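Enquirer: Before I ask anything, here is the structure I am working with.
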Amino acid sequence: MRTPENLPATGNHVDIGGYLAKALDPAQTERVEEHLAACEDCRTEVDSLREWADSLEAVPDSMAEAMLLDGPPEGGDLLLQRTLRQIRTESAGDRNRRRAGLGVAAAAVVAAAISAGVAIGHTGGHQSSPQAEAPAPSATASTAAPGTRFATVADPATGARITVAVAPQTGWVRVTAAVSGIPAGQQCQLFVVKKDGTAVLAGSWVVSAKGAADGTTLDGTALIDPSDVAGVRVSNTDGKQFASANL
Amino acid sequence: MAGLRGQRRREVADEALVRSLFQEHGRAMLAYATQLTRDRAIAEDVVQEALLRAWRNPDSLVNGRGSVRGWLLTVIRNIVIDMVRARNARPTEVGESPVEVAIERDHADRVADSMLVVDALGQLSTEHREVLEQLYLLGSTVGEAAESLGIPPGTVKSRSFYALRALRELYPGGPARLERSAS
């Protein structure tokens, strides 16, 4: 915290913080208002800050409360099961969702990895990966790490598409990426890019025939402070960039 | 091309998306839906539908303006409005329901503006965000905020002052500009 908490919140004039929070008694309020009438700097300050205070106060209570709640609902297990059943029914009946499905799967795989806190695995490989059969995280799995950031990017020039999640750790990040649309045989690298433009390698793989068709899911880590992460990039070992996502 | 195995894997992954949204935002979603509908059973149906929409459109969820939470709450509001409209199309029902009153209060523009302001709040440090949540979102007094945050009242006042300044620094155009530029 770089703000000096113990200084009076006043510039050096009057208690503007208390005034905006409507926490002053009538005598104090009068003193502030007298000062404001005479001091243009403080008046401008109060007016511009009050805009923010007002817009925060204007948030409907129903939303304000909802914005502050985290976690799953109490007694919501049946609701979740019901929703999952409907998804299974819909996806079983739908064979035309093939293309969209890839995108769905990519985003979901990323969310799953973060949500369950498990490695989905480096699908550098051949043959159907056993991790594809991994059970979905149970309803009691831990929630996504707070501060996890997601992005999806399709590069129209290369046809590549990446969906990434970057989860902050202490001083470094865990990155999960679903990559599709890159031809088989390409030797690829996944980079996490810092705000100053330098990149840190988070993983590398070769695109299999299956990976070219269905996409590849990767897990990696990078020694970059979470606050310093600007984005994620996929390129081949020759330096050709397939896609890059800003976070 | 996908084959049965691919199909299966996709289903597992799709379910995982819904599970993780539910784990992280389920409580907020259900609380908001219950606020709007005043009925837990109807609210659960609304949350279910919102999760299905997220599953069908993961791209809009990830790429949408603002937060995932904001996207989900906006979807919830839209679903409740559709429900009210559908019911009003049936001639047998009469009278104004609590749902309509709640929806009216959560006018569309206000909801959109609120999302942006709340997202802006999310950019602040935890200390700054918490004190503004207490004072302005929840409408606590300085004394109540001080107690709930475990800091002296004087710190609540000064911290809220610096927090408002931090918001202004992040968005020099002010909240009005924030709303205009995004709509």
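Chain labels A, B, ... are given in the sequence in which chains occur in the structure tokens; within each chain residues are numbered consecutively from 1, and ligands are likewise numbered from 1 in the order shown.
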Any idea which chain B residues end up within 7 Å of chain A if we count only C-alpha atoms, as a PDB file with N, CA and C atoms, in the first residue's frame please?
Expert:
```pdb
ATOM      1  N   ARG B   9     -14.333 -37.099 -24.747  1.00  0.00           N
ATOM      2  CA  ARG B   9     -13.440 -36.143 -24.116  1.00  0.00           C
ATOM      3  C   ARG B   9     -14.072 -34.754 -24.097  1.00  0.00           C
ATOM      4  N   ARG B  10     -14.749 -34.433 -25.212  1.00  0.00           N
ATOM      5  CA  ARG B  10     -15.363 -33.125 -25.295  1.00  0.00           C
ATOM      6  C   ARG B  10     -16.430 -32.980 -24.204  1.00  0.00           C
ATOM      7  N   VAL B  12     -16.553 -34.470 -21.354  1.00  0.00           N
ATOM      8  CA  VAL B  12     -15.903 -34.306 -20.053  1.00  0.00           C
ATOM      9  C   VAL B  12     -15.446 -32.858 -19.882  1.00  0.00           C
ATOM     10  N   ALA B  13     -14.845 -32.328 -20.954  1.00  0.00           N
ATOM     11  CA  ALA B  13     -14.334 -30.962 -20.871  1.00  0.00           C
ATOM     12  C   ALA B  13     -15.473 -29.957 -20.738  1.00  0.00           C
ATOM     13  N   ASP B  14     -16.556 -30.174 -21.499  1.00  0.00           N
ATOM     14  CA  ASP B  14     -17.699 -29.261 -21.423  1.00  0.00           C
ATOM     15  C   ASP B  14     -18.258 -29.216 -20.005  1.00  0.00           C
ATOM     16  N   GLU B  15     -18.355 -30.391 -19.427  1.00  0.00           N
ATOM     17  CA  GLU B  15     -18.878 -30.437 -18.063  1.00  0.00           C
ATOM     18  C   GLU B  15     -17.979 -29.682 -17.104  1.00  0.00           C
ATOM     19  N   ALA B  16     -16.682 -29.780 -17.359  1.00  0.00           N
ATOM     20  CA  ALA B  16     -15.732 -29.133 -16.454  1.00  0.00           C
ATOM     21  C   ALA B  16     -15.892 -27.620 -16.483  1.00  0.00           C
ATOM     22  N   LEU B  17     -16.190 -27.072 -17.653  1.00  0.00           N
ATOM     23  CA  LEU B  17     -16.410 -25.628 -17.746  1.00  0.00           C
ATOM     24  C   LEU B  17     -17.572 -25.220 -16.840  1.00  0.00           C
ATOM     25  N   ARG B  19     -18.884 -26.884 -14.362  1.00  0.00           N
ATOM     26  CA  ARG B  19     -18.559 -27.100 -12.956  1.00  0.00           C
ATOM     27  C   ARG B  19     -17.736 -25.955 -12.389  1.00  0.00           C
ATOM     28  N   SER B  20     -16.752 -25.509 -13.161  1.00  0.00           N
ATOM     29  CA  SER B  20     -15.875 -24.476 -12.605  1.00  0.00           C
ATOM     30  C   SER B  20     -16.605 -23.145 -12.484  1.00  0.00           C
ATOM     31  N   PHE B  22     -19.742 -22.868 -11.890  1.00  0.00           N
ATOM     32  CA  PHE B  22     -20.637 -23.063 -10.756  1.00  0.00           C
ATOM     33  C   PHE B  22     -19.881 -22.923  -9.440  1.00  0.00           C
ATOM     34  N   GLN B  23     -18.692 -23.510  -9.393  1.00  0.00           N
ATOM     35  CA  GLN B  23     -17.899 -23.457  -8.166  1.00  0.00           C
ATOM     36  C   GLN B  23     -17.513 -22.023  -7.806  1.00  0.00           C
ATOM     37  N   GLU B  24     -17.226 -21.233  -8.844  1.00  0.00           N
ATOM     38  CA  GLU B  24     -16.712 -19.899  -8.576  1.00  0.00           C
ATOM     39  C   GLU B  24     -17.831 -18.864  -8.439  1.00  0.00           C
ATOM     40  N   HIS B  25     -18.854 -18.979  -9.289  1.00  0.00           N
ATOM     41  CA  HIS B  25     -19.851 -17.914  -9.359  1.00  0.00           C
ATOM     42  C   HIS B  25     -21.255 -18.362  -8.964  1.00  0.00           C
ATOM     43  N   GLY B  26     -21.414 -19.640  -8.647  1.00  0.00           N
ATOM     44  CA  GLY B  26     -22.758 -20.172  -8.408  1.00  0.00           C
ATOM     45  C   GLY B  26     -23.516 -19.427  -7.325  1.00  0.00           C
ATOM     46  N   ARG B  27     -22.818 -19.114  -6.262  1.00  0.00           N
ATOM     47  CA  ARG B  27     -23.488 -18.449  -5.147  1.00  0.00           C
ATOM     48  C   ARG B  27     -23.974 -17.066  -5.562  1.00  0.00           C
ATOM     49  N   ALA B  28     -23.111 -16.341  -6.260  1.00  0.00           N
ATOM     50  CA  ALA B  28     -23.487 -15.003  -6.718  1.00  0.00           C
ATOM     51  C   ALA B  28     -24.644 -15.083  -7.705  1.00  0.00           C
ATOM     52  N   MET B  29     -24.585 -16.055  -8.611  1.00  0.00           N
ATOM     53  CA  MET B  29     -25.636 -16.191  -9.622  1.00  0.00           C
ATOM     54  C   MET B  29     -26.984 -16.475  -8.965  1.00  0.00           C
ATOM     55  N   LEU B  30     -26.968 -17.430  -8.036  1.00  0.00           N
ATOM     56  CA  LEU B  30     -28.229 -17.814  -7.403  1.00  0.00           C
ATOM     57  C   LEU B  30     -28.763 -16.675  -6.527  1.00  0.00           C
ATOM     58  N   ALA B  31     -27.856 -15.966  -5.860  1.00  0.00           N
ATOM     59  CA  ALA B  31     -28.294 -14.851  -5.019  1.00  0.00           C
ATOM     60  C   ALA B  31     -28.967 -13.777  -5.878  1.00  0.00           C
ATOM     61  N   TYR B  32     -28.365 -13.475  -7.012  1.00  0.00           N
ATOM     62  CA  TYR B  32     -28.927 -12.439  -7.875  1.00  0.00           C
ATOM     63  C   TYR B  32     -30.260 -12.885  -8.478  1.00  0.00           C
ATOM     64  N   GLN B  35     -32.859 -12.672  -5.896  1.00  0.00           N
ATOM     65  CA  GLN B  35     -33.254 -11.272  -5.690  1.00  0.00           C
ATOM     66  C   GLN B  35     -34.285 -10.842  -6.732  1.00  0.00           C
ATOM     67  N   GLU B  44     -33.355 -21.115  -9.435  1.00  0.00           N
ATOM     68  CA  GLU B  44     -32.495 -22.237  -9.831  1.00  0.00           C
ATOM     69  C   GLU B  44     -32.642 -22.531 -11.319  1.00  0.00           C
ATOM     70  N   GLN B  48     -29.643 -22.361 -14.047  1.00  0.00           N
ATOM     71  CA  GLN B  48     -29.382 -23.482 -14.951  1.00  0.00           C
ATOM     72  C   GLN B  48     -29.328 -23.001 -16.402  1.00  0.00           C
ATOM     73  N   PRO B  58     -19.033 -20.198 -25.074  1.00  0.00           N
ATOM     74  CA  PRO B  58     -17.879 -19.923 -24.201  1.00  0.00           C
ATOM     75  C   PRO B  58     -17.049 -18.744 -24.701  1.00  0.00           C
ATOM     76  N   VAL B  62     -15.569 -15.632 -22.491  1.00  0.00           N
ATOM     77  CA  VAL B  62     -14.155 -15.323 -22.282  1.00  0.00           C
ATOM     78  C   VAL B  62     -13.787 -13.956 -22.860  1.00  0.00           C
ATOM     79  N   ASN B  63     -14.386 -13.637 -24.008  1.00  0.00           N
ATOM     80  CA  ASN B  63     -13.980 -12.403 -24.692  1.00  0.00           C
ATOM     81  C   ASN B  63     -14.850 -11.212 -24.357  1.00  0.00           C
ATOM     82  N   ASP B 106     -33.967  -2.900 -11.417  1.00  0.00           N
ATOM     83  CA  ASP B 106     -32.688  -3.195 -12.058  1.00  0.00           C
ATOM     84  C   ASP B 106     -32.781  -2.880 -13.549  1.00  0.00           C
ATOM     85  N   SER B 114     -23.538  -0.548 -13.822  1.00  0.00           N
ATOM     86  CA  SER B 114     -23.061  -1.115 -12.567  1.00  0.00           C
ATOM     87  C   SER B 114     -21.944  -2.108 -12.813  1.00  0.00           C
ATOM     88  N   VAL B 117     -18.758  -0.231 -13.397  1.00  0.00           N
ATOM     89  CA  VAL B 117     -18.220   0.366 -12.181  1.00  0.00           C
ATOM     90  C   VAL B 117     -17.628  -0.716 -11.277  1.00  0.00           C
ATOM     91  N   TYR B 136     -19.836   2.202  -0.008  1.00  0.00           N
ATOM     92  CA  TYR B 136     -20.702   2.675  -1.083  1.00  0.00           C
ATOM     93  C   TYR B 136     -21.565   1.582  -1.712  1.00  0.00           C
ATOM     94  N   LEU B 137     -21.029   0.378  -1.873  1.00  0.00           N
ATOM     95  CA  LEU B 137     -21.873  -0.685  -2.438  1.00  0.00           C
ATOM     96  C   LEU B 137     -22.858  -1.184  -1.398  1.00  0.00           C
ATOM     97  N   LEU B 138     -22.353  -1.456  -0.198  1.00  0.00           N
ATOM     98  CA  LEU B 138     -23.226  -2.001   0.832  1.00  0.00           C
ATOM     99  C   LEU B 138     -23.871  -0.912   1.677  1.00  0.00           C
ATOM    100  N   VAL B 142     -19.309   4.627   8.359  1.00  0.00           N
ATOM    101  CA  VAL B 142     -17.872   4.523   8.601  1.00  0.00           C
ATOM    102  C   VAL B 142     -17.604   3.592   9.790  1.00  0.00           C
ATOM    103  N   THR B 155      -9.030   5.529   9.614  1.00  0.00           N
ATOM    104  CA  THR B 155      -8.416   4.879   8.457  1.00  0.00           C
ATOM    105  C   THR B 155      -9.453   4.611   7.369  1.00  0.00           C
ATOM    106  N   LYS B 157     -11.948   6.466   6.671  1.00  0.00           N
ATOM    107  CA  LYS B 157     -12.161   7.735   5.966  1.00  0.00           C
ATOM    108  C   LYS B 157     -11.004   8.040   5.029  1.00  0.00           C
ATOM    109  N   SER B 158      -9.790   7.936   5.561  1.00  0.00           N
ATOM    110  CA  SER B 158      -8.662   8.299   4.701  1.00  0.00           C
ATOM    111  C   SER B 158      -8.488   7.287   3.577  1.00  0.00           C
ATOM    112  N   ARG B 159      -8.688   6.004   3.909  1.00  0.00           N
ATOM    113  CA  ARG B 159      -8.480   4.987   2.877  1.00  0.00           C
ATOM    114  C   ARG B 159      -9.522   5.103   1.765  1.00  0.00           C
ATOM    115  N   SER B 160     -10.757   5.429   2.153  1.00  0.00           N
ATOM    116  CA  SER B 160     -11.784   5.541   1.126  1.00  0.00           C
ATOM    117  C   SER B 160     -11.492   6.741   0.219  1.00  0.00           C
ATOM    118  N   PHE B 161     -10.935   7.767   0.818  1.00  0.00           N
ATOM    119  CA  PHE B 161     -10.545   8.946   0.036  1.00  0.00           C
ATOM    120  C   PHE B 161      -9.474   8.575  -0.993  1.00  0.00           C
ATOM    121  N   LEU B 164     -10.935   6.330  -3.766  1.00  0.00           N
ATOM    122  CA  LEU B 164     -11.660   7.058  -4.815  1.00  0.00           C
ATOM    123  C   LEU B 164     -10.670   7.744  -5.752  1.00  0.00           C
ATOM    124  N   ARG B 165      -9.610   8.269  -5.167  1.00  0.00           N
ATOM    125  CA  ARG B 165      -8.582   8.893  -6.013  1.00  0.00           C
ATOM    126  C   ARG B 165      -7.912   7.871  -6.921  1.00  0.00           C
ATOM    127  N   PRO B 175     -16.572   8.200 -14.190  1.00  0.00           N
ATOM    128  CA  PRO B 175     -17.487   7.080 -14.420  1.00  0.00           C
ATOM    129  C   PRO B 175     -18.398   7.291 -15.623  1.00  0.00           C
TER     130      PRO B 175
END
```
Enquirer: Between atom CA of Lys195 of chain A and atom CA of Gly231 of chain A, what distance in Å does the model show, to one decimal?
Expert: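 Atom CA of Gly231 of chain A lies at a distance of 8.1 Å from atom CA of Lys195 of chain A.
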Enquirer: Using atom CA of Leu167 of chain B and atom CA of Gly171 of chain A as the two end points, give the distance in Å to one decimal.
Expert: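 Between atom CA of Leu167 of chain B and atom CA of Gly171 of chain A the gap works out to 25.7 Å.
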Enquirer: Could you tell me how far atom CA of Leu132 of chain B lies from atom CA of Gly150 of chain B, in Å and to one decimal?
Expert: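 Between atom CA of Leu132 of chain B and atom CA of Gly150 of chain B the gap works out to 14.5 Å.
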Enquirer: Measuring atom to atom with only C-alpha atoms, identify which of A:Ser227, A:Thr89, A:Thr237, A:Thr221 is nearest to Val200 of chain A.
Expert: A:Thr221
Enquirer: Identify which of the residues B:Tyr171, B:Val80, B:Glu147, B:Ser140 lies closest to Leu124 of chain B, counting only C-alpha atoms when measuring atom-to-atom distances.
Expert: B:Tyr171
Enquirer: So which residues of segment 129-179 of chain B fall under helix (DSSP H, G or I) by DSSP, listed as a PyMOL selection string?
Expert: chain B and resi 129-137+142-149+153-170+174-179
